[in-house]
Amino acid sequence: MIFLRKILFPVAFIYWIVTYLRNFLYDVGIFKSQSFEVPIIAVGNLSVGGTGKTPQIEYLIRLLGDFSIATLSRGYKRESKGFVLADASATAKTLGDEPFQFYSKFPHVHVAVDADRRNGISQLMQHKPDVILLDDAFQHRKVKAGFYILLTTHDELFCDDYILPFGNLREPSFGKKRANMIIVTKCPANITELAQERIKQKLKVNVPVYFSTIEYDDFVYTDNSKVKVNDLNEAKLLLAGIAKPDLFFNYLENEVDEKLTFPDHHDFSSDDINRIKEVAKQKRIITTEKDYVRLKGSIESNQLYYLPIKSKLIQNKEDFNKKIIDYVGKGSRNS
């Protein structure tokens, strides 16, 4: 893999030039970004996948519970086209797995998908939300959000990475200058203040930097039952189709577990389902929330469980919350 990436270095250089020019043309106003009157928070990253955008969006939804909230995603791998607003007929196939997860957990939120973010925002504004949360939209320069949250993982900081395909960056790391704040995600819960300070120095930014960790639920769930994680002593199958499943596996696995791994956003075929059933037999199947919404209905409901996660800020939670609430509150009063 390392050898292959070295061969691809010339391609990465061309990609660097293209993304640099694109951003430059937006920065100087030759390419136009559209602003909207409603407060818009864009959550995204510079790298490819796995930085924890979904739990961060859910954190914001919980934080902004006193406001009318809408979320807008591209709806990756959905079977529908154009603008779709979630309703009682919504599925993971019509919305994509992550937006359907938002809708399933937060039915009071207007959850929509549209590859054309300008159109999606215009459609959502008819519902008069106080704030729109843009999922995975840091590179979507056609829209100018009022507030940008940039995520980077503790173990793979963007400052240590390179542009695609030599590395995993979607754009050069100086795209960080568009961020209003940065969150270093998936940190060890016991990360020291000294380690945090060293990371801040490496990132070289002039905006607030926060640190978060993944907090796992004490229970795994089906639609109508739950089991305490500590009581999962019998053999079980762990299943994940997410970008970086190691944390999930490490939290649950023991010597009698079996594991199945699929690509991120995997569309489970009938052959996949049969393989899962064959491997699992009568064991409990423990999966992620994102995989659960795609597998639900294909596997017996009393056999398939999911483990919820949350994003938890390690320090300065009050400061972070205040910045977000102040931005939304000021914007919603002015709109």
# chains A, B, ... in the order shown; residues from 1 in each chain; ligands from 1
call {"tool": "residues_around", "arguments": {"residues": "Thr51 (chain A)", "least_positions_apart": "5", "cutoff": "7 Å", "atoms": "only C-alpha atoms", "output": "tab-separated table (two decimals) with N, CA and C atoms, in the first residue's frame"}}
result
chain	number	residue	atom	x	y	z
A	151	LEU	N	-13.59	18.61	11.95
A	151	LEU	CA	-13.23	17.46	12.77
A	151	LEU	C	-11.94	16.82	12.24
A	152	THR	N	-11.13	16.34	13.17
A	152	THR	CA	-9.94	15.57	12.82
A	152	THR	C	-9.72	14.56	13.93
A	153	THR	N	-9.33	13.34	13.60
A	153	THR	CA	-9.21	12.31	14.63
A	153	THR	C	-7.87	12.40	15.35
A	185	THR	N	-11.33	14.46	17.52
A	185	THR	CA	-12.28	13.43	17.92
A	185	THR	C	-11.57	12.11	18.24
call {"tool": "residues_around", "arguments": {"residues": "region 243-247 of chain A", "least_positions_apart": "2", "cutoff": "6 Å", "atoms": "only C-alpha atoms", "output": "list in words"}}
result
Gly50, Phe249, Asn250 and Asp264 of chain A
call {"tool": "atom_distance", "arguments": {"atom1": "CA of Lys93 (chain A)", "atom2": "CA of Lys290 (chain A)"}}
result
12.4 Å
call {"tool": "select_by_dssp", "arguments": {"residues": "region 169-231 of chain A", "states": "strand (DSSP E)", "output": "MDAnalysis selection string"}}
result
chainID A and resid 181:185 209:216 219:221 226:228
call {"tool": "residues_around", "arguments": {"residues": "Glu171 (chain A)", "least_positions_apart": "6", "cutoff": "8 Å", "atoms": "only C-alpha atoms", "output": "list in words"}}
result
Trp16, Thr19, Tyr20, Leu46, Ser47, Ile163 and Leu164 of chain A
call {"tool": "write_last_selection", "arguments": {"atoms": "all heavy atoms", "output": "CSV table (one decimal), in the first residue's frame"}}
result
chain,number,residue,atom,x,y,z
A,16,TRP,N,-3.8,18.2,-5.8
A,16,TRP,CA,-3.5,19.3,-4.9
A,16,TRP,C,-3.7,20.7,-5.7
A,16,TRP,O,-4.3,21.6,-5.2
A,16,TRP,CB,-2.0,19.2,-4.4
A,16,TRP,CG,-1.7,20.2,-3.4
A,16,TRP,CD1,-1.7,20.1,-2.0
A,16,TRP,CD2,-1.2,21.6,-3.6
A,16,TRP,NE1,-1.3,21.2,-1.4
A,16,TRP,CE2,-1.0,22.2,-2.3
A,16,TRP,CE3,-1.0,22.4,-4.7
A,16,TRP,CZ2,-0.5,23.5,-2.2
A,16,TRP,CZ3,-0.6,23.7,-4.6
A,16,TRP,CH2,-0.3,24.2,-3.3
A,19,THR,N,-7.5,21.3,-6.4
A,19,THR,CA,-8.3,21.7,-5.2
A,19,THR,C,-7.8,23.1,-4.7
A,19,THR,O,-8.7,23.9,-4.2
A,19,THR,CB,-8.2,20.7,-4.1
A,19,THR,OG1,-6.8,20.4,-3.8
A,19,THR,CG2,-8.8,19.3,-4.4
A,20,TYR,N,-6.6,23.3,-4.8
A,20,TYR,CA,-6.1,24.7,-4.4
A,20,TYR,C,-6.7,25.8,-5.3
A,20,TYR,O,-7.2,26.8,-4.8
A,20,TYR,CB,-4.6,24.7,-4.6
A,20,TYR,CG,-4.0,26.1,-4.4
A,20,TYR,CD1,-3.8,26.7,-3.1
A,20,TYR,CD2,-3.7,26.9,-5.5
A,20,TYR,CE1,-3.4,28.0,-2.9
A,20,TYR,CE2,-3.3,28.2,-5.3
A,20,TYR,CZ,-3.1,28.8,-4.1
A,20,TYR,OH,-2.6,30.0,-3.9
A,46,LEU,N,-11.4,17.4,6.7
A,46,LEU,CA,-10.5,17.5,5.5
A,46,LEU,C,-10.1,16.1,4.9
A,46,LEU,O,-9.7,16.1,3.8
A,46,LEU,CB,-9.2,18.2,5.9
A,46,LEU,CG,-9.3,19.7,6.4
A,46,LEU,CD1,-8.0,20.3,6.7
A,46,LEU,CD2,-10.0,20.5,5.3
A,47,SER,N,-10.3,15.1,5.7
A,47,SER,CA,-9.9,13.8,5.3
A,47,SER,C,-11.1,12.9,4.9
A,47,SER,O,-12.2,13.4,4.9
A,47,SER,CB,-9.2,13.0,6.4
A,47,SER,OG,-10.0,12.9,7.6
A,163,ILE,N,-2.4,14.8,0.7
A,163,ILE,CA,-3.6,14.9,-0.3
A,163,ILE,C,-3.8,13.5,-0.9
A,163,ILE,O,-2.8,12.8,-1.2
A,163,ILE,CB,-3.3,16.0,-1.3
A,163,ILE,CG1,-4.6,16.4,-2.0
A,163,ILE,CG2,-2.3,15.6,-2.3
A,163,ILE,CD1,-5.5,17.3,-1.2
A,164,LEU,N,-5.0,13.3,-1.3
A,164,LEU,CA,-5.4,12.1,-2.1
A,164,LEU,C,-4.7,12.1,-3.4
A,164,LEU,O,-4.4,13.2,-4.0
A,164,LEU,CB,-6.9,12.0,-2.3
A,164,LEU,CG,-7.8,11.6,-1.2
A,164,LEU,CD1,-9.2,11.9,-1.5
A,164,LEU,CD2,-7.6,10.1,-0.8
call {"tool": "residues_around", "arguments": {"residues": "region 228-238 of chain A", "least_positions_apart": "6", "cutoff": "10 Å", "atoms": "only C-alpha atoms", "output": "compact mmCIF listing (two decimals) with N, CA, C and O atoms, in the first residue's frame"}}
result
# COMPACT_ATOMS: atom_id res chain seq x y z
N TYR A 216 -19.69 5.14 24.89
CA TYR A 216 -20.57 4.05 24.52
C TYR A 216 -21.68 3.89 25.54
O TYR A 216 -21.51 4.12 26.73
N ASP A 217 -22.83 3.45 25.05
CA ASP A 217 -23.98 3.21 25.92
C ASP A 217 -23.71 2.00 26.81
O ASP A 217 -22.88 1.14 26.49
N ASP A 218 -24.42 1.92 27.93
CA ASP A 218 -24.30 0.77 28.83
C ASP A 218 -25.13 -0.41 28.35
O ASP A 218 -25.01 -1.51 28.90
N PHE A 219 -25.99 -0.18 27.34
CA PHE A 219 -26.87 -1.23 26.85
C PHE A 219 -26.73 -1.37 25.33
O PHE A 219 -26.36 -0.41 24.64
N VAL A 220 -27.05 -2.56 24.82
CA VAL A 220 -27.30 -2.75 23.39
C VAL A 220 -28.81 -2.92 23.23
O VAL A 220 -29.49 -3.41 24.14
N TYR A 221 -29.33 -2.53 22.06
CA TYR A 221 -30.77 -2.41 21.90
C TYR A 221 -31.26 -3.13 20.65
O TYR A 221 -30.56 -3.21 19.63
N PHE A 248 -15.12 0.25 18.06
CA PHE A 248 -16.33 -0.54 18.30
C PHE A 248 -15.97 -1.97 18.67
O PHE A 248 -16.46 -2.51 19.67
N PHE A 249 -15.09 -2.59 17.89
CA PHE A 249 -14.70 -3.96 18.18
C PHE A 249 -13.98 -4.06 19.52
O PHE A 249 -14.24 -4.97 20.32
N TYR A 251 -14.24 -2.28 22.13
CA TYR A 251 -15.11 -2.06 23.29
C TYR A 251 -15.89 -3.32 23.65
O TYR A 251 -16.16 -3.58 24.82
N LEU A 252 -16.24 -4.13 22.66
CA LEU A 252 -17.15 -5.25 22.90
C LEU A 252 -16.50 -6.63 22.85
O LEU A 252 -17.06 -7.59 23.37
N GLU A 253 -15.36 -6.77 22.20
CA GLU A 253 -14.89 -8.11 21.90
C GLU A 253 -14.32 -8.81 23.13
O GLU A 253 -13.85 -8.22 24.08
N ASN A 254 -14.41 -10.15 23.10
CA ASN A 254 -13.70 -11.02 24.03
C ASN A 254 -13.29 -12.26 23.28
O ASN A 254 -13.50 -12.36 22.07
N GLU A 255 -12.73 -13.26 23.98
CA GLU A 255 -12.11 -14.38 23.29
C GLU A 255 -13.10 -15.27 22.53
O GLU A 255 -12.70 -16.06 21.68
N VAL A 256 -14.40 -15.18 22.79
CA VAL A 256 -15.35 -16.06 22.11
C VAL A 256 -16.09 -15.33 20.99
O VAL A 256 -16.94 -15.90 20.34
N ASP A 257 -15.78 -14.08 20.77
CA ASP A 257 -16.48 -13.32 19.73
C ASP A 257 -15.99 -13.67 18.33
O ASP A 257 -14.82 -14.00 18.13
N GLU A 258 -16.89 -13.56 17.38
CA GLU A 258 -16.53 -13.57 15.97
C GLU A 258 -16.83 -12.18 15.42
O GLU A 258 -17.72 -11.49 15.91
N LYS A 259 -16.09 -11.80 14.37
CA LYS A 259 -16.27 -10.46 13.81
C LYS A 259 -16.46 -10.55 12.30
O LYS A 259 -15.82 -11.35 11.62
N LEU A 260 -17.32 -9.69 11.79
CA LEU A 260 -17.48 -9.50 10.35
C LEU A 260 -17.32 -8.02 10.06
O LEU A 260 -17.94 -7.18 10.72
N THR A 261 -16.52 -7.70 9.05
CA THR A 261 -16.29 -6.32 8.67
C THR A 261 -16.69 -6.11 7.22
O THR A 261 -16.36 -6.92 6.35
N ILE A 276 -24.10 -13.57 6.91
CA ILE A 276 -24.19 -13.13 8.31
C ILE A 276 -24.96 -14.15 9.14
O ILE A 276 -24.54 -14.54 10.24
N LYS A 277 -26.08 -14.63 8.61
CA LYS A 277 -26.89 -15.61 9.34
C LYS A 277 -26.14 -16.91 9.54
O LYS A 277 -26.24 -17.55 10.59
N VAL A 279 -22.84 -17.33 9.72
CA VAL A 279 -21.78 -17.14 10.71
C VAL A 279 -22.37 -16.99 12.10
O VAL A 279 -21.86 -17.54 13.09
N ALA A 280 -23.47 -16.24 12.21
CA ALA A 280 -24.06 -15.96 13.52
C ALA A 280 -24.76 -17.16 14.10
O ALA A 280 -24.73 -17.39 15.32
N LYS A 281 -25.43 -17.95 13.25
CA LYS A 281 -26.28 -19.04 13.71
C LYS A 281 -27.28 -18.50 14.72
O LYS A 281 -28.06 -17.63 14.41
N GLN A 282 -27.25 -18.94 15.97
CA GLN A 282 -28.21 -18.46 16.97
C GLN A 282 -27.61 -17.39 17.89
O GLN A 282 -28.23 -17.00 18.88
N LYS A 283 -26.41 -16.93 17.58
CA LYS A 283 -25.77 -15.94 18.43
C LYS A 283 -26.44 -14.58 18.29
O LYS A 283 -27.04 -14.26 17.27
N ARG A 284 -26.30 -13.76 19.33
CA ARG A 284 -26.67 -12.35 19.18
C ARG A 284 -25.73 -11.69 18.18
O ARG A 284 -24.53 -11.94 18.17
N ILE A 285 -26.29 -10.82 17.38
CA ILE A 285 -25.50 -10.01 16.45
C ILE A 285 -25.50 -8.59 16.99
O ILE A 285 -26.55 -7.97 17.14
N ILE A 286 -24.30 -8.08 17.31
CA ILE A 286 -24.16 -6.72 17.82
C ILE A 286 -23.53 -5.87 16.72
O ILE A 286 -22.45 -6.19 16.23
N THR A 287 -24.21 -4.79 16.35
CA THR A 287 -23.70 -3.96 15.27
C THR A 287 -23.78 -2.49 15.67
O THR A 287 -24.19 -2.14 16.78
N THR A 288 -23.36 -1.62 14.77
CA THR A 288 -23.41 -0.18 15.01
C THR A 288 -24.80 0.35 14.67
O THR A 288 -25.58 -0.31 13.97
N GLN A 303 -32.60 -11.06 17.38
CA GLN A 303 -31.21 -11.48 17.26
C GLN A 303 -30.28 -10.31 16.99
O GLN A 303 -29.10 -10.35 17.34
N LEU A 304 -30.80 -9.25 16.39
CA LEU A 304 -29.98 -8.11 15.95
C LEU A 304 -30.07 -6.97 16.96
O LEU A 304 -31.15 -6.46 17.25
N TYR A 305 -28.90 -6.55 17.48
CA TYR A 305 -28.82 -5.47 18.47
C TYR A 305 -27.84 -4.41 17.96
O TYR A 305 -26.94 -4.70 17.18
N TYR A 306 -28.02 -3.18 18.44
CA TYR A 306 -27.06 -2.13 18.10
C TYR A 306 -26.56 -1.45 19.37
O TYR A 306 -27.23 -1.43 20.40
N LEU A 307 -25.35 -0.91 19.27
CA LEU A 307 -24.71 -0.21 20.39
C LEU A 307 -24.66 1.28 20.08
O LEU A 307 -23.93 1.71 19.19
call {"tool": "atom_distance", "arguments": {"atom1": "CA of Val38 (chain A)", "atom2": "CA of Gly331 (chain A)"}}
result
6.6 Å
call {"tool": "residues_around", "arguments": {"residues": "Lys202 (chain A)", "least_positions_apart": "5", "cutoff": "9 Å", "atoms": "only C-alpha atoms", "output": "PyMOL selection string"}}
result
chain A and resi 157+159-160+197
call {"tool": "write_last_selection", "arguments": {"atoms": "C-alpha atoms", "output": "short mmCIF file (atom, residue, chain, number, x, y, z; two decimals), in the first residue's frame"}}
result
data_model
loop_
_atom_site.label_atom_id
_atom_site.label_comp_id
_atom_site.auth_asym_id
_atom_site.auth_seq_id
_atom_site.Cartn_x
_atom_site.Cartn_y
_atom_site.Cartn_z
CA LEU A 157 -4.53 14.49 12.48
CA CYS A 159 -1.59 18.07 9.79
CA ASP A 160 0.15 14.66 9.60
CA GLU A 197 -1.48 21.37 24.10
#
call {"tool": "closest_residue", "arguments": {"among": "A:Asn190, A:Asn316, A:Ser33, A:Asn180", "to": "Tyr148 (chain A)", "atoms": "only C-alpha atoms"}}
result
A:Asn180
call {"tool": "atom_distance", "arguments": {"atom1": "CA of Asp114 (chain A)", "atom2": "CA of Arg74 (chain A)"}}
result
5.0 Å
call {"tool": "residues_around", "arguments": {"residues": "Ile132 (chain A)", "least_positions_apart": "3", "cutoff": "6 Å", "atoms": "only C-alpha atoms", "output": "list in words"}}
result
Ile40, Ala70 and Thr71 of chain A
call {"tool": "select_by_dssp", "arguments": {"residues": "region 86-265 of chain A", "states": "helix (DSSP H, G or I)", "output": "ChimeraX atom specification"}}
result
/A:92-95,97-105,117-125,158-160,173-178,193-203,229-231,246-252
call {"tool": "closest_atom_pairs", "arguments": {"of": "region 121-153 of chain A", "to": "region 75-90 of chain A", "cutoff": "10 Å", "atoms": "only C-alpha atoms", "output": "CSV"}}
result
residue,atom,partner,partner_atom,distance
A:Ile121,CA,A:Phe83,CA,9.7
A:Gln123,CA,A:Phe83,CA,8.0
A:Leu124,CA,A:Leu85,CA,8.4
A:Asp135,CA,A:Gly75,CA,9.5
call {"tool": "write_last_selection", "arguments": {"atoms": "N, CA and C atoms", "output": "PDB file, in the first residue's frame"}}
result
ATOM      1  N   ILE A 121     -31.304  23.609   1.093  1.00  0.00           N
ATOM      2  CA  ILE A 121     -31.505  24.658   2.093  1.00  0.00           C
ATOM      3  C   ILE A 121     -32.741  25.485   1.758  1.00  0.00           C
ATOM      4  N   GLN A 123     -35.372  24.571   0.144  1.00  0.00           N
ATOM      5  CA  GLN A 123     -36.564  23.775   0.450  1.00  0.00           C
ATOM      6  C   GLN A 123     -36.817  23.724   1.953  1.00  0.00           C
ATOM      7  N   LEU A 124     -35.768  23.541   2.744  1.00  0.00           N
ATOM      8  CA  LEU A 124     -35.930  23.456   4.194  1.00  0.00           C
ATOM      9  C   LEU A 124     -36.394  24.778   4.803  1.00  0.00           C
ATOM     10  N   ASP A 135     -24.434  18.272   7.140  1.00  0.00           N
ATOM     11  CA  ASP A 135     -23.617  17.096   7.428  1.00  0.00           C
ATOM     12  C   ASP A 135     -22.616  16.872   6.305  1.00  0.00           C
TER      13      ASP A 135
END
